[in-house]
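> Please read through the structure below; I'll follow up with questions.
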Amino acid sequence: DAAAHMGGYSTAEAMLNISMTELATRLNILDERGQVLTITQLPGYFALKGQEVPERELRYINPNTGEAAWLALKAQPVLAPDGEVQFAVSIIRDITQRKQLETRTIELLAERERVKVLQRFVSDMSHDFRTPLSILSSSLYLMQKNTDPEKKQAHVTKAEYQIQRMGKLLDTLLQSARLDENKVNFQFSLTDINTFLEPVIKEYEPIAAEKEIEVSFFPNNNSCSAWIDPAEFDYAFRNLIENAIAYTPKSGKINVYSHCQDKHAIISVEDTGIGISKGDLPHIFERFYRADQARSTHTGGNGLGLSIVKRIVEEHKGSVDVKSEIDVGTKFSINLPCSLMYDSIVQINT
């Protein structure tokens, strides 16, 4: 009766003389990739060949409802005294309810995790905005009370810095939202990587010099081009440079390298900064993740920058990797396909 119900037959008697091929066709049993299994791919077939088949969990299409359900199949050969296979025994269990419960459990855990992330995000953002707002408030108060022009200017400078900080935070939030909603219209163009990187690096040299940090660029001797969106890739590269400056102590060094290898353009940003712990490394590209206290207190990072970098690089069909050691330094490497590998992608987009 159970087998008849699974197979969509009205009674067990209706299944008499039904071949396994017909039953398999009725059930449309799917493998782990969603491909329909033929009779020669079913556990019972292998059992008839003398193999003991471990239990497999497979989806099938319920003939009565047309909906996907789940089966657990296990098959074993029954041997004659001379070792020949007499027949095979298949045990088939309908595990649809269990799988549905597992799915609901996973969804519930995912929802709980989303709520935790949202709560952490709200808490972090509240702190990130409250701190500059508090400084702005005190700066305005002191400007009103102070008559010394130099001290007034110092408070103005401090207020301007906090306004820039909040503006950058808002830009980061908006960029993350635009990427999530696929509202970023990437406009790729064939770009010489060295020509692109050099002016950006020079722009950060005086900023790094304020901390007595030396910034050096070691470009590839040969021309190295890749298909990039200049505006979006600029955002990603600047984030890595700014992180390197923020997390590198006074008198440190930042080296930027570019070279081509196996039809890929590789851009590396290496610093002699405070490094990232082994426990934090697997998570630094996760949204809202903030590394250990030593790093987060340096800049008050919002945990979005590196996740945006990763997303932008992936939109370029590339990858970003990181190596780091505490008190030694960190190296981020962006790997982009060069023009020959990217032509087909651009043609499809066009």
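Every chain in the structure tokens takes a letter, A first, then B, and so on in the order presented; its residues are numbered from 1, and the ligands are numbered from 1 following the presented order.
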May I have the residues within 9 Å of stretch 11-13 of chain A as a list in words, using only C-alpha atoms and disregarding those fewer than 5 positions away in the same chain?
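Counting only C-alpha atoms, the residues come to Asp1, Ala2, Ala3, Ala4 and His5 of chain A.
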> Kindly save the residues from that selection, with all heavy atoms included, as a PDB file, in the first residue's frame.

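Wrote it out as result-v8.pdb, contents follow:
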```pdb
ATOM      1  N   ASP A   1       0.824  -1.217   0.000  1.00  0.00           N
ATOM      2  CA  ASP A   1       0.000   0.000   0.000  1.00  0.00           C
ATOM      3  C   ASP A   1       0.857   1.266   0.000  1.00  0.00           C
ATOM      4  O   ASP A   1       0.534   2.236  -0.684  1.00  0.00           O
ATOM      5  CB  ASP A   1      -0.938  -0.004   1.220  1.00  0.00           C
ATOM      6  CG  ASP A   1      -2.032  -1.070   1.104  1.00  0.00           C
ATOM      7  OD1 ASP A   1      -2.346  -1.448  -0.039  1.00  0.00           O
ATOM      8  OD2 ASP A   1      -2.541  -1.512   2.144  1.00  0.00           O
ATOM      9  N   ALA A   2       1.915   1.222   0.777  1.00  0.00           N
ATOM     10  CA  ALA A   2       2.799   2.403   0.826  1.00  0.00           C
ATOM     11  C   ALA A   2       3.447   2.638  -0.531  1.00  0.00           C
ATOM     12  O   ALA A   2       3.530   3.774  -1.012  1.00  0.00           O
ATOM     13  CB  ALA A   2       3.854   2.225   1.909  1.00  0.00           C
ATOM     14  N   ALA A   3       3.903   1.551  -1.160  1.00  0.00           N
ATOM     15  CA  ALA A   3       4.542   1.680  -2.466  1.00  0.00           C
ATOM     16  C   ALA A   3       3.539   2.179  -3.504  1.00  0.00           C
ATOM     17  O   ALA A   3       3.878   2.986  -4.379  1.00  0.00           O
ATOM     18  CB  ALA A   3       5.126   0.342  -2.900  1.00  0.00           C
ATOM     19  N   ALA A   4       2.289   1.676  -3.429  1.00  0.00           N
ATOM     20  CA  ALA A   4       1.258   2.117  -4.368  1.00  0.00           C
ATOM     21  C   ALA A   4       0.986   3.608  -4.197  1.00  0.00           C
ATOM     22  O   ALA A   4       0.841   4.352  -5.175  1.00  0.00           O
ATOM     23  CB  ALA A   4      -0.026   1.317  -4.149  1.00  0.00           C
ATOM     24  N   HIS A   5       0.943   4.059  -2.947  1.00  0.00           N
ATOM     25  CA  HIS A   5       0.703   5.483  -2.678  1.00  0.00           C
ATOM     26  C   HIS A   5       1.824   6.342  -3.261  1.00  0.00           C
ATOM     27  O   HIS A   5       1.576   7.365  -3.901  1.00  0.00           O
ATOM     28  CB  HIS A   5       0.578   5.709  -1.178  1.00  0.00           C
ATOM     29  CG  HIS A   5       0.402   7.142  -0.803  1.00  0.00           C
ATOM     30  ND1 HIS A   5      -0.762   7.837  -1.027  1.00  0.00           N
ATOM     31  CD2 HIS A   5       1.279   8.032  -0.253  1.00  0.00           C
ATOM     32  CE1 HIS A   5      -0.616   9.091  -0.626  1.00  0.00           C
ATOM     33  NE2 HIS A   5       0.612   9.225  -0.146  1.00  0.00           N
TER      34      HIS A   5
END
```
> If we count only C-alpha atoms, what is near A:Met20 at a cut-off of 10 Å, once residues fewer than 5 positions away on the same chain are taken out, given as a ChimeraX atom specification?
/A:25-26,39,42,44-45
> As a list in words, please: every residue in stretch 244-293 of chain A that DSSP puts in strand (DSSP E or B).
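Taking stretch 244-293 of chain A and keeping strand (DSSP E or B) only, one gets Lys253, Ile254, Asn255, Val256, Tyr257, Ser258, His259, Cys260, Gln261, His264, Ala265, Ile266, Ile267, Ser268, Val269, Glu270 and Asp271 of chain A.
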> Can I get the selected residues back with C-alpha atoms, as a short mmCIF file (atom, residue, chain, number, x, y, z; two decimals), in the first residue's frame?

```
data_model
loop_
_atom_site.label_atom_id
_atom_site.label_comp_id
_atom_site.auth_asym_id
_atom_site.auth_seq_id
_atom_site.Cartn_x
_atom_site.Cartn_y
_atom_site.Cartn_z
CA LYS A 253 55.48 50.78 4.54
CA ILE A 254 52.79 50.10 1.95
CA ASN A 255 53.75 48.46 -1.34
CA VAL A 256 51.42 48.14 -4.32
CA TYR A 257 52.30 45.59 -7.00
CA SER A 258 50.81 44.86 -10.40
CA HIS A 259 51.71 42.09 -12.82
CA CYS A 260 50.18 39.74 -15.38
CA GLN A 261 50.23 35.99 -14.92
CA HIS A 264 45.23 37.43 -15.31
CA ALA A 265 46.06 40.86 -13.94
CA ILE A 266 47.08 40.67 -10.28
CA ILE A 267 47.04 43.76 -8.07
CA SER A 268 48.44 43.46 -4.55
CA VAL A 269 48.38 45.90 -1.64
CA GLU A 270 50.88 44.89 1.04
CA ASP A 271 51.43 46.72 4.33
#
```
> May I have the residues within 9 Å of A:Gln187 as a ChimeraX atom specification, using only C-alpha atoms and disregarding those fewer than 5 positions away in the same chain?
/A:228-232
> Excluding A:Lys250 and residues on its chain fewer than 5 positions from it, collect all residues at most 10 Å away from it, counting only C-alpha atoms, and give them as a list in words.
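My reading of the contact set: Ala208, Ala209, Glu210, Lys211, Glu212, Ile213, Glu214, Ile245 and Gly273 of chain A.
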> Per DSSP on the backbone, filter stretch 19-250 of chain A down to the residues in alpha helix (DSSP H) and report them as number ranges by chain.
A: 20-27, 43-48, 96-145, 149-180, 193-209, 230-246
> Have a look at A:Asp327, A:Glu67, A:Glu55, A:Glu113 and name the one nearest to A:Arg93; count only C-alpha atoms.
A:Glu55
> Determine, counting only C-alpha atoms, which protein, DNA and RNA residues have an atom within 12 Å of an atom of A:Gly167; residues of the same chain fewer than 5 positions away are not included. Present the result as an NGL selection string.
:A and (128-129 or 132-133 or 160-162 or 172-174)
> Mind dumping the selected residues with C-alpha atoms as a compact mmCIF listing (two decimals), in the first residue's frame?

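To be explicit, this is the file written out as out-v3.txt:
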```txt
# COMPACT_ATOMS: atom_id res chain seq x y z
CA ASP A 128 29.11 55.03 14.44
CA PHE A 129 26.78 58.00 14.05
CA PRO A 132 30.72 62.00 15.39
CA LEU A 133 27.43 63.69 16.28
CA GLU A 160 34.54 69.18 9.22
CA TYR A 161 36.38 65.90 9.76
CA GLN A 162 33.39 64.37 11.55
CA THR A 172 29.29 52.99 2.14
CA LEU A 173 25.76 52.08 3.24
CA LEU A 174 24.29 53.32 -0.06
```
> Which polymer residues have any atom within 9 Å of an atom of A:Ile201, counting only C-alpha atoms, with same-chain residues fewer than 6 positions away left out, as a PyMOL selection string?
chain A and resi 215-217+238+241+256
> Could you turn the residues from that selection into a file that holds all heavy atoms, as a compact mmCIF listing (two decimals), in the first residue's frame?

```
# COMPACT_ATOMS: atom_id res chain seq x y z
N VAL A 215 54.71 54.96 0.81
CA VAL A 215 53.90 54.23 -0.17
C VAL A 215 54.69 54.08 -1.46
O VAL A 215 55.18 55.07 -2.01
CB VAL A 215 52.57 54.96 -0.46
CG1 VAL A 215 51.75 54.20 -1.51
CG2 VAL A 215 51.75 55.13 0.81
N SER A 216 54.84 52.86 -1.94
CA SER A 216 55.61 52.59 -3.16
C SER A 216 54.78 51.77 -4.14
O SER A 216 54.00 50.91 -3.74
CB SER A 216 56.90 51.83 -2.83
OG SER A 216 57.70 52.56 -1.92
N PHE A 217 54.96 52.06 -5.42
CA PHE A 217 54.26 51.34 -6.48
C PHE A 217 55.27 50.60 -7.34
O PHE A 217 56.22 51.20 -7.84
CB PHE A 217 53.45 52.32 -7.33
CG PHE A 217 52.66 51.68 -8.44
CD1 PHE A 217 52.09 50.43 -8.30
CD2 PHE A 217 52.50 52.35 -9.65
CE1 PHE A 217 51.36 49.84 -9.31
CE2 PHE A 217 51.77 51.78 -10.68
CZ PHE A 217 51.21 50.51 -10.51
N ARG A 238 40.59 51.88 -3.68
CA ARG A 238 40.76 52.90 -2.64
C ARG A 238 40.49 52.34 -1.25
O ARG A 238 41.14 52.71 -0.28
CB ARG A 238 39.84 54.09 -2.91
CG ARG A 238 40.31 54.99 -4.06
CD ARG A 238 39.31 56.12 -4.31
NE ARG A 238 39.72 56.92 -5.46
CZ ARG A 238 40.55 57.95 -5.41
NH1 ARG A 238 41.06 58.31 -4.23
NH2 ARG A 238 40.87 58.63 -6.49
N ILE A 241 43.62 50.60 -0.10
CA ILE A 241 44.68 51.56 0.24
C ILE A 241 44.38 52.25 1.56
O ILE A 241 45.26 52.40 2.43
CB ILE A 241 44.83 52.61 -0.89
CG1 ILE A 241 45.48 51.99 -2.13
CG2 ILE A 241 45.67 53.79 -0.42
CD1 ILE A 241 46.95 51.69 -1.98
N VAL A 256 52.44 48.57 -3.37
CA VAL A 256 51.42 48.14 -4.32
C VAL A 256 52.12 47.52 -5.52
O VAL A 256 53.04 48.12 -6.09
CB VAL A 256 50.54 49.33 -4.77
CG1 VAL A 256 49.48 48.85 -5.76
CG2 VAL A 256 49.88 50.00 -3.57
```
